[in-house]
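Have a look at the structure below, then the notes.
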Number of protein chains: 2
Amino acid sequence: MTFATVSPAPLADLDTASLREAHSAFARAYDELKGAGLKLDLTRGKPSAEQLDLSNDLLHLPDGRFRDAAGTDLRNYGGATGLPELRSIFADALRVPVDQLLALGNSSLTLMHDTIAFALLHGVPGGELPWASQSVSFLAPVPGYDRHFTIVERFGIRLIPVPMDENGPDIAAVASLLETDDSIRGMFCVPVYSNPTGAIYSEEVVRALVSLPAAPDFRLIWDNAYAVHHLTDERPQPIDVLALAAEAGNPDRPLVFASTSKVTYPGSGVSFFGASPANVEWMLHHLSAQSIGPDKINQLRHAELLKDADGLAAHMEKHRAIMAPKFAAVDSVFRDRLAPWGAGSWALPSGGYFVSLDIADGAAKRAVQLAKEAGIAVTPAGATFPYGDDPRDANIRIAPTFPPLAELATALDGLCTAILLASAETLLADRD
Amino acid sequence: MTFATVSPAPLADLDTASLREAHSAFARAYDELKGAGLKLDLTRGKPSAEQLDLSNDLLHLPDGRFRDAAGTDLRNYGGATGLPELRSIFADALRVPVDQLLALGNSSLTLMHDTIAFALLHGVPGGELPWASQSVSFLAPVPGYDRHFTIVERFGIRLIPVPMDENGPDIAAVASLLETDDSIRGMFCVPVYSNPTGAIYSEEVVRALVSLPAAPDFRLIWDNAYAVHHLTDERPQPIDVLALAAEAGNPDRPLVFASTSKVTYPGSGVSFFGASPANVEWMLHHLSAQSIGPDKINQLRHAELLKDADGLAAHMEKHRAIMAPKFAAVDSVFRDRLAPWGAGSWALPSGGYFVSLDIADGAAKRAVQLAKEAGIAVTPAGATFPYGDDPRDANIRIAPTFPPLAELATALDGLCTAILLASAETLLADRD
């Protein structure tokens, strides 16, 4: 695609005539794109078929075996805490002692949902009342994860956005909110390779989060979804949030969640819950009314596939080999297509599943709409903010893992065409 | 074991001297039993290892396959309604149209728990308010299932006992309670081979339950746990509770639950939810915040194991072949040991997992305690009543499926010794 008439320059710096010219060129490129009849999907953080293939031994494991190391028949009821062998494999990566780490059902989203439902109906250790009997708010670092927001929005919990930077949530903002608003009972945190910015919480930020004065039943929903999902050799030192919280005198504040959804198969994996002894006891008490034990055969299947912590790390390297070129493609296409026009800012993450792209204020919804009309599905603009409301209408979440590399490049190129057109439109409208 | 000195006769009819003599004989037998150092378990309705072996193909299925009939890759996120092929296999047995039958997680107990949690937090179709904002009661047919009671007891829902007879709950009692108590929002029902009496709800009873005037958000928690768990050739005609409810103008009243826990593996199976279109939509809406889809690979595994409705029926016949002799042993030991002393009444069920035994009023707790001290674990007396409170202290639930047949006979014989001693003690105390 060429734009012969205008030399690329930051769109905002162009004089109106040049901006009009650029707009016309983008509009022609967009018409061409629409004519191509694409049907491509960048919406969700889903592993590709090639990644799923890495775990295909799950399709015949445990190969007739059904006992754990202690000799227990895993085919029957029971085993509320989950298979010890599998908990051991993940304990180190999640920095949760095996005794305080439960291996449970197929989804950490379900666990987070149910944890908040238990808190609403029963309260949590340290709290005097069930949350449902009070006015409850949560802090939501933004941009963030739409499925987190959905859980609490559905429960009628008020979400208060807190800005993210490259070291995690803005601690001054968190401190001031905690000080002035006594309805705050929870906060969503994706501490490693945050969804969608890829930010890694610094130790300083984590120490602040576990130390700041807050209600005794305030909980950090510590969604460590991407703890082992590295894309480079730079590995963040895992932070032991439970130890730091205990040190700060708030042992019950963090609730750690994780799963194998993006290690093995989404939907057919295993979730984990790690917390202080008091929180683990609380969780087991409420689980005892809800379940007679998790799918321990599936846990055995996973323990046999991954073998040990080294096996887990080796398995994740195979994911990286498939994923890293896709993230590189995002960076490359954005550099080629957006950077010359000053039409986007993004940071290539060193792990996780997303790239967070900021474009011209007021252009994101329009860009996503244009992409959609050209057959390229992107996460709805605004989804990374509570109530779907991005006050700047600037953030777009890119999920590059699912399509094969060739399709991904086509989709990204088309998305850039839509973004350029939307940006030029928005800037022109501002000048009217 | 012999009781040379007293001829067996109903204990209650013996004169006090003879009762004392019987008591001494029972006490000697009990001392002998304690000396034997048994360690046997009749507590829970668990399949035996031999039954679990019937499903061992699950330990290598789906043998590398991962697509449904429509070609969808089941390894990834999605598929909220569950695998159509598996839903088809169970639709007929459960009398729920495939479109209204969801295949979900590993436990119907979890589904029932979550359904009630959703109702508490959000309300149900037809209701104006979430249940948590009202005073809510449930009807509990007794004797009934302790895990049902636990769910609602934990939620602070009041349980109102309703007596069961051989055709289901006492409809006159249900009608009168519904008429006079407007806090009633739910009722637990195990319509086929009820836990623990084995009663099968008659069509007349079902018609009454779906027709009686009640609150618009009144729900029947229709736990069809034993729909295909027959022990004889006498098969109850499956009752289409959804159709009868629709016919009665109350289509949203029944919520049907079932699972493969006692078809394949407890804990590693699949649960089902069937209801009116409005209720299914309601459930899917709330599930959409909780989950990105069930374990569809495990559903495929189950579909491949069971194949079709005939395959399911054939599989259940193999369970019957293992289980029926154990139920016959219960009947035989009780006839030999309890009947001559008039010390127990029970009905041999034609399906399900339990035998409900009534002994002398006031003797059940003591009998279970004596059995426990002799190394025979039995479900705590009272467990079949809300709050663990059997007002007559007479009911004991026998779960004969788990131990091998030889152990079962030993355990039952020991239990009878404990029951006879407890009964004689109780009767003697009454005469003091």
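Note on naming: chains are A, B, ... as they come in the structure tokens, residues start from 1 per chain, ligands start from 1 in the order shown.
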
**Request:** Using only C-alpha atoms, find the residues of chain B whose closest atom to chain A is at most 8 Å away, then write them as a VMD selection string.
**Result:** chain B and resid 46 to 47 52 56 to 57 59 to 66 75 to 78 106 to 107 109 to 110 113 to 114 117 121 to 122 147 150 to 151 154 to 155 265 to 269 289 to 298

**Request:** Just the residues within 7 Å of stretch 323-333 of chain B, please, counting only C-alpha atoms, with nothing from its chain fewer than 3 positions along; format it as JSON, numbers by chain.
**Result:** {"B": [231, 319, 320, 336, 337, 348, 400, 401, 405, 409, 412, 413]}

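Atom CA of A:Ser211 to atom CA of A:Arg185 spans 14.7 Å [interatomic distance, one decimal].
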
**Message:** According to DSSP computed on the backbone, where in stretch 122-368 of chain B is there strand (DSSP E)? Give the residues as a ChimeraX atom specification.
**Reply:** /B:137-142,158-165,168-169,184-189,219-223,254-259,271-274,345-346,355-358

Convert the current residue selection to file output with C-alpha atoms, as a PDB file, in the first residue's frame.
ATOM      1  CA  SER B 137     -37.384 -20.730  53.000  1.00  0.00           C
ATOM      2  CA  PHE B 138     -37.105 -24.061  51.220  1.00  0.00           C
ATOM      3  CA  LEU B 139     -39.178 -27.189  51.595  1.00  0.00           C
ATOM      4  CA  ALA B 140     -37.102 -30.246  52.393  1.00  0.00           C
ATOM      5  CA  PRO B 141     -38.694 -33.662  51.947  1.00  0.00           C
ATOM      6  CA  VAL B 142     -37.446 -35.874  54.793  1.00  0.00           C
ATOM      7  CA  ARG B 158     -34.673 -21.761  56.409  1.00  0.00           C
ATOM      8  CA  LEU B 159     -35.476 -25.436  55.752  1.00  0.00           C
ATOM      9  CA  ILE B 160     -38.976 -26.708  56.436  1.00  0.00           C
ATOM     10  CA  PRO B 161     -39.253 -30.513  56.602  1.00  0.00           C
ATOM     11  CA  VAL B 162     -42.028 -32.240  54.649  1.00  0.00           C
ATOM     12  CA  PRO B 163     -42.621 -35.958  55.170  1.00  0.00           C
ATOM     13  CA  MET B 164     -41.966 -38.401  52.300  1.00  0.00           C
ATOM     14  CA  ASP B 165     -44.060 -41.432  51.501  1.00  0.00           C
ATOM     15  CA  GLY B 168     -42.915 -38.697  47.021  1.00  0.00           C
ATOM     16  CA  PRO B 169     -43.464 -35.767  49.355  1.00  0.00           C
ATOM     17  CA  ILE B 184     -41.034 -20.432  50.368  1.00  0.00           C
ATOM     18  CA  ARG B 185     -38.920 -20.107  47.220  1.00  0.00           C
ATOM     19  CA  GLY B 186     -37.612 -23.594  46.648  1.00  0.00           C
ATOM     20  CA  MET B 187     -37.965 -27.295  47.270  1.00  0.00           C
ATOM     21  CA  PHE B 188     -35.495 -30.119  46.889  1.00  0.00           C
ATOM     22  CA  CYS B 189     -36.773 -33.133  44.987  1.00  0.00           C
ATOM     23  CA  ARG B 219     -38.318 -23.312  42.059  1.00  0.00           C
ATOM     24  CA  LEU B 220     -38.266 -27.120  42.254  1.00  0.00           C
ATOM     25  CA  ILE B 221     -34.621 -28.170  42.555  1.00  0.00           C
ATOM     26  CA  TRP B 222     -35.249 -31.356  40.585  1.00  0.00           C
ATOM     27  CA  ASP B 223     -32.154 -33.427  41.349  1.00  0.00           C
ATOM     28  CA  PRO B 254     -38.644 -26.977  37.656  1.00  0.00           C
ATOM     29  CA  LEU B 255     -34.849 -26.833  37.315  1.00  0.00           C
ATOM     30  CA  VAL B 256     -33.553 -30.281  36.361  1.00  0.00           C
ATOM     31  CA  PHE B 257     -30.094 -31.389  37.528  1.00  0.00           C
ATOM     32  CA  ALA B 258     -28.188 -34.584  36.833  1.00  0.00           C
ATOM     33  CA  SER B 259     -24.652 -35.829  36.383  1.00  0.00           C
ATOM     34  CA  SER B 271     -23.184 -32.358  35.048  1.00  0.00           C
ATOM     35  CA  PHE B 272     -26.403 -31.374  33.315  1.00  0.00           C
ATOM     36  CA  PHE B 273     -28.908 -28.563  33.710  1.00  0.00           C
ATOM     37  CA  GLY B 274     -32.314 -28.698  32.036  1.00  0.00           C
ATOM     38  CA  SER B 345     -38.093 -51.302  59.127  1.00  0.00           C
ATOM     39  CA  TRP B 346     -36.757 -50.641  55.670  1.00  0.00           C
ATOM     40  CA  VAL B 355     -31.355 -48.001  51.972  1.00  0.00           C
ATOM     41  CA  SER B 356     -33.256 -45.986  54.559  1.00  0.00           C
ATOM     42  CA  LEU B 357     -33.604 -47.849  57.845  1.00  0.00           C
ATOM     43  CA  ASP B 358     -35.868 -46.831  60.710  1.00  0.00           C
TER      44      ASP B 358
END

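The nearest approach to B:Thr180 among the residues B:Ala214, B:Glu204, B:Leu306, B:Ala360, with only C-alpha atoms taken into account, belongs to B:Ala214.
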
**Message:** I need the alpha helix (DSSP H) residues of stretch 18-202 of chain A per DSSP on the backbone, written as a VMD selection string.
**Reply:** chain A and resid 18 to 35 49 to 53 84 to 94 108 to 122 146 to 154 171 to 180

Within 6 Å of A:Asp393, counting only C-alpha atoms, which residues qualify if same-chain residues fewer than 5 places away don't, as a PDB file with N, CA and C atoms, in the first residue's frame?
ATOM      1  N   ASP A 361      -6.970  10.271  20.617  1.00  0.00           N
ATOM      2  CA  ASP A 361      -8.163  10.369  21.465  1.00  0.00           C
ATOM      3  C   ASP A 361      -9.402  10.484  20.586  1.00  0.00           C
ATOM      4  N   GLY A 362     -10.409   9.704  20.929  1.00  0.00           N
ATOM      5  CA  GLY A 362     -11.676   9.798  20.210  1.00  0.00           C
ATOM      6  C   GLY A 362     -11.746   8.950  18.957  1.00  0.00           C
ATOM      7  N   ALA A 364     -10.718   5.444  18.779  1.00  0.00           N
ATOM      8  CA  ALA A 364     -10.628   3.984  18.954  1.00  0.00           C
ATOM      9  C   ALA A 364     -11.916   3.277  18.521  1.00  0.00           C
TER      10      ALA A 364
END

**Request:** Show which residues sit within 12 Å of A:Pro216, as number ranges by chain. Count only C-alpha atoms, and ignore same-chain residues fewer than 3 positions away.
**Result:** A: 123-129, 178, 182-186, 210-213, 219-220, 249-254

**Request:** Could you jot down the atom CA of A:Gly344 to atom CA of A:Leu11 separation for me, Å, one decimal place?
**Result:**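 Between atom CA of A:Gly344 and atom CA of A:Leu11 the gap is 10.6 Å.
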
**Request:** Identify, on the basis of only C-alpha atoms, every residue whose closest approach to B:Glu317 does not exceed 12 Å; exclude the query and any residue fewer than 2 positions from it along the same chain; express the result as JSON, numbers by chain.
**Result:** {"B": [51, 54, 228, 229, 230, 231, 232, 233, 263, 310, 311, 312, 313, 314, 315, 319, 320, 321, 322, 323, 324, 351]}
